[in-house]
$ cat data-v6.txt   # compact mmCIF, C-alpha atoms
# COMPACT_ATOMS: atom_id res chain seq x y z
CA MET Q 1 -22.29 11.51 5.51
CA PRO Q 2 -24.87 10.11 3.05
CA ARG Q 3 -23.94 9.75 -0.60
CA TYR Q 4 -26.53 10.07 -3.36
CA ALA Q 5 -26.58 9.25 -7.06
CA THR Q 6 -29.16 10.15 -9.68
CA ILE Q 7 -29.77 7.50 -12.31
CA THR Q 8 -32.38 8.01 -15.00
CA GLY Q 9 -33.53 5.85 -17.86
CA ASP Q 10 -35.87 2.89 -17.98
CA GLY Q 11 -38.83 3.27 -15.56
CA THR Q 12 -38.65 -0.33 -14.32
CA LEU Q 13 -34.91 -0.05 -13.70
CA ASP Q 14 -35.40 3.31 -11.93
CA ARG Q 15 -37.97 1.78 -9.55
CA ARG Q 16 -35.77 -1.24 -8.87
CA LEU Q 17 -32.73 0.90 -8.19
CA ARG Q 18 -34.66 3.17 -5.82
CA VAL Q 19 -35.88 0.21 -3.77
CA GLU Q 20 -33.08 -2.36 -4.06
CA LEU Q 21 -29.89 -0.29 -4.29
CA PRO Q 22 -29.83 0.92 -0.66
CA LYS Q 23 -30.18 -2.70 0.48
CA ARG Q 24 -27.43 -4.01 -1.80
CA THR Q 25 -24.86 -1.27 -1.40
CA ARG Q 26 -22.91 -3.00 1.38
CA SER Q 27 -22.85 -6.41 -0.33
CA SER Q 28 -21.90 -4.82 -3.68
CA ALA Q 29 -19.07 -2.91 -2.03
CA LYS Q 30 -17.80 -6.07 -0.31
CA LYS Q 31 -17.83 -8.02 -3.58
CA ALA Q 32 -16.05 -5.23 -5.43
CA SER Q 33 -13.44 -4.73 -2.71
CA GLY Q 34 -12.83 -8.48 -2.65
CA ALA Q 35 -12.33 -8.47 -6.43
CA GLY Q 36 -9.63 -5.81 -6.07
CA GLY Q 37 -8.04 -7.77 -3.22
CA ARG Q 38 -7.87 -10.94 -5.30
CA VAL Q 39 -5.85 -9.07 -7.93
CA VAL Q 40 -3.30 -7.99 -5.29
CA ARG Q 41 -3.18 -11.48 -3.75
CA ARG Q 42 -2.49 -13.06 -7.16
CA LYS Q 43 0.37 -10.60 -7.82
CA LEU Q 44 1.81 -11.11 -4.32
CA LYS Q 45 1.93 -14.89 -4.85
CA LEU Q 46 3.77 -14.31 -8.14
CA LEU Q 47 6.38 -12.13 -6.38
CA VAL Q 48 7.30 -14.96 -3.98
CA PRO Q 49 9.76 -17.42 -5.59
CA PRO Q 50 8.15 -20.75 -6.64
CA ARG Q 51 10.51 -22.82 -4.46
CA LEU Q 52 9.02 -21.19 -1.34
CA LYS Q 53 5.68 -23.02 -1.36
CA SER Q 54 5.25 -22.72 2.39
CA VAL Q 55 5.56 -18.90 2.15
CA ARG Q 56 3.02 -18.75 -0.67
CA ALA Q 57 0.63 -20.83 1.44
CA THR Q 58 0.51 -18.09 4.09
CA ILE Q 59 -0.68 -15.37 1.67
CA GLY Q 60 -4.36 -14.58 2.06
CA MET Q 61 -6.99 -11.86 2.18
CA ARG Q 62 -9.98 -10.77 4.26
CA THR Q 63 -12.81 -8.31 3.56
CA ASP Q 64 -14.52 -6.59 6.50
CA SER Q 65 -16.53 -3.54 7.43
CA ASP Q 66 -14.62 -1.09 9.61
CA ARG Q 67 -17.02 0.58 12.02
CA SER Q 68 -14.36 3.04 13.18
CA ALA Q 69 -14.06 4.30 9.58
CA GLY Q 70 -17.78 5.02 9.29
CA GLY Q 71 -18.69 1.54 8.10
CA ALA Q 72 -16.26 1.56 5.19
CA VAL Q 73 -15.56 -1.77 3.50
CA LEU Q 74 -11.87 -2.67 3.70
CA THR Q 75 -9.92 -5.56 2.20
CA LYS Q 76 -6.66 -6.67 3.79
CA VAL Q 77 -4.14 -8.68 1.76
CA GLY Q 78 -0.86 -10.04 3.06
CA PHE Q 79 1.05 -12.75 4.87
CA ASN Q 80 -0.92 -14.66 7.53
CA VAL Q 81 -4.16 -12.83 6.70
CA GLY Q 82 -7.53 -14.56 6.49
CA LYS Q 83 -8.33 -18.19 7.04
CA SER Q 84 -5.81 -20.86 6.12
CA ARG Q 85 -7.07 -23.40 3.61
CA ARG Q 86 -3.88 -25.43 3.83
CA ARG Q 87 -3.67 -27.29 7.12
CA THR Q 88 -0.44 -29.16 6.46
CA ILE Q 89 2.97 -27.68 5.79
CA PRO Q 90 4.50 -28.70 2.43
CA ALA Q 91 7.27 -31.32 2.65
CA ARG Q 92 10.83 -30.02 2.84
CA SER Q 93 14.03 -31.58 1.56
CA THR Q 94 16.03 -31.01 4.77
CA ASP Q 95 15.72 -32.06 8.40
CA LYS Q 96 17.13 -28.87 9.88
CA GLY Q 97 14.91 -26.17 11.38
CA VAL Q 98 11.17 -25.90 11.70
CA GLY Q 99 10.41 -24.38 8.29
CA ILE Q 100 8.18 -21.42 7.50
CA SER Q 101 4.48 -21.61 8.28
CA ARG Q 102 1.67 -19.27 9.33
CA ALA Q 103 3.01 -19.38 12.89
CA ASN Q 104 6.41 -17.92 11.99
CA ILE Q 105 6.02 -16.18 8.62
CA HIS Q 106 7.14 -12.96 10.30
CA TRP Q 107 10.70 -14.42 10.42
CA TRP Q 108 10.79 -14.56 6.61
CA VAL Q 109 9.05 -11.20 6.06
CA LEU Q 110 10.80 -9.06 8.70
CA GLY Q 111 13.97 -11.07 9.30
CA THR Q 112 15.67 -11.89 12.62
CA LYS Q 113 18.78 -10.82 14.45
CA PRO Q 114 21.48 -13.46 15.16
CA ARG Q 115 19.91 -15.89 17.63
CA LYS Q 116 21.23 -18.48 20.10
CA THR Q 117 19.78 -21.49 21.86
CA ALA Q 118 19.48 -21.61 25.65
CA ALA Q 119 22.74 -23.59 25.70
CA GLY Q 120 24.50 -20.77 23.82
CA ARG Q 121 24.77 -22.47 20.43
CA ARG Q 122 24.28 -20.06 17.51
CA THR Q 123 21.26 -20.80 15.33
CA GLY Q 124 21.92 -18.05 12.81
CA LYS Q 125 19.91 -15.13 11.51
CA MET Q 126 17.42 -14.62 8.73
CA PRO Q 127 17.46 -11.63 6.38
CA ALA Q 128 14.26 -9.67 5.73
CA ASN Q 129 12.97 -11.09 2.46
CA GLY Q 130 9.43 -9.82 2.08
CA ARG Q 131 9.34 -6.45 3.79
CA ASP Q 132 8.13 -4.49 0.74
CA LEU Q 133 6.37 -7.22 -1.26
CA VAL Q 134 2.81 -6.29 -0.26
CA GLU Q 135 3.38 -2.63 -1.11
CA ILE Q 136 4.96 -3.56 -4.46
CA ALA Q 137 2.04 -5.88 -5.29
CA ALA Q 138 -0.55 -3.24 -4.37
CA THR Q 139 1.03 -0.36 -6.27
CA SER Q 140 1.91 -2.37 -9.38
CA THR Q 141 -1.67 -3.61 -9.82
CA LYS Q 142 -3.55 -0.37 -9.19
CA SER Q 143 -5.14 -0.17 -12.65
CA GLU Q 144 -6.05 -3.88 -12.59
CA GLN Q 145 -7.66 -3.40 -9.16
CA LEU Q 146 -9.79 -0.50 -10.39
CA LYS Q 147 -10.85 -2.51 -13.45
CA ALA Q 148 -11.82 -5.50 -11.29
CA ILE Q 149 -13.78 -3.27 -8.90
CA ALA Q 150 -15.62 -1.54 -11.76
CA ASP Q 151 -16.43 -4.88 -13.43
CA SER Q 152 -17.80 -6.23 -10.16
CA PHE Q 153 -20.07 -3.19 -9.70
CA ARG Q 154 -21.20 -3.43 -13.34
CA LYS Q 155 -22.18 -7.08 -12.89
CA ASP Q 156 -24.10 -6.28 -9.70
CA ILE Q 157 -26.01 -3.42 -11.35
CA ALA Q 158 -26.75 -5.65 -14.37
CA LYS Q 159 -28.23 -8.31 -12.05
CA LEU Q 160 -30.38 -5.63 -10.45
CA GLY Q 161 -31.62 -4.46 -13.86
CA GLY Q 162 -32.75 -7.93 -14.82
CA GLY Q 163 -29.69 -8.86 -16.89
CA ARG Q 164 -30.01 -6.10 -19.46
$ encode --input "data-v6.txt" --output "structure tokens"
Amino acid sequence: MPRYATITGDGTLDRRLRVELPKRTRSSAKKASGAGGRVVRRKLKLLVPPRLKSVRATIGMRTDSDRSAGGAVLTKVGFNVGKSRRRTIPARSTDKGVGISRANIHWWVLGTKPRKTAAGRRTGKMPANGRDLVEIAATSTKSEQLKAIADSFRKDIAKLGGGR
């Protein structure tokens, strides 16, 4: 369903908006959605305790167009989302276990039941630590997200108007 907006004012700006705006709508929406996602990602990293550097390293975001939702621009923020910039796992102070990385972050987020090795030795269980963190980060930053999105759109429109 097409969406229309009527903007009046300066003649030069009106002409530019009529020609350029349809071309830039998708890129403007992606930039704005990404700005909102960065706010959530920042808050999510603050919710994870500082001593868990390897868990913080798995937090990321991705902005895509969803064709099944009519071409809507969506931003996904969470654990093991997006591309990993950190290729090495931070050093740990113990020799036990494999540590938490992008490959097994779901253990820390969702937890595990008591587990055993093939030989029958108990390896323990892990409680669910981050089950609600993404939801908490998203809901607690709603107003900041909207402000970031609006600022991003304002900057894009200002560029289109020649910096006025």
$ residues_around --input "data-v6.txt" --residues "Ile100 of chain Q" --least-positions-apart "6" --cutoff "9 Å" --atoms "all atoms listed in the file" --output "tab-separated table (two decimals) with C-alpha atoms, in the frame of the given file"
chain	number	residue	atom	x	y	z
Q	52	LEU	CA	9.02	-21.19	-1.34
Q	54	SER	CA	5.25	-22.72	2.39
Q	55	VAL	CA	5.56	-18.90	2.15
Q	89	ILE	CA	2.97	-27.68	5.79
Q	106	HIS	CA	7.14	-12.96	10.30
Q	107	TRP	CA	10.70	-14.42	10.42
Q	108	TRP	CA	10.79	-14.56	6.61
$ closest_residue --input "data-v6.txt" --among "Q:Ser140, Q:Thr63, Q:Thr123, Q:Asn129" --to "Val77 of chain Q" --atoms "all atoms listed in the file"
Q:Thr63
$ residues_around --input "data-v6.txt" --residues "Val73 of chain Q" --least-positions-apart "6" --cutoff "8 Å" --atoms "only C-alpha atoms" --output "list in words"
Arg26, Ala29, Lys30, Ser33, Thr63, Asp64, Ser65 and Asp66 of chain Q
$ atom_distance --input "data-v6.txt" --atom1 "atom CA of Gly130 of chain Q" --atom2 "atom CA of Gly36 of chain Q"
21.1 Å
$ residues_around --input "data-v6.txt" --residues "Leu133 of chain Q" --least-positions-apart "3" --cutoff "9 Å" --atoms "only C-alpha atoms" --output "PyMOL selection string"
chain Q and resi 44+47-48+78+109+129-130+136-138
$ residues_around --input "data-v6.txt" --residues "Ile59 of chain Q" --least-positions-apart "3" --cutoff "7 Å" --atoms "only C-alpha atoms" --output "VMD selection string"
chain Q and resid 56 78 to 81
$ atom_distance --input "data-v6.txt" --atom1 "atom CA of Lys125 of chain Q" --atom2 "atom CA of Ala57 of chain Q"
22.5 Å
$ atom_distance --input "data-v6.txt" --atom1 "atom CA of Ala72 of chain Q" --atom2 "atom CA of Lys31 of chain Q"
13.1 Å
$ closest_residue --input "data-v6.txt" --among "Q:Gly60, Q:Pro114, Q:Gly37, Q:Gly71" --to "Thr25 of chain Q" --atoms "all atoms listed in the file"
Q:Gly71
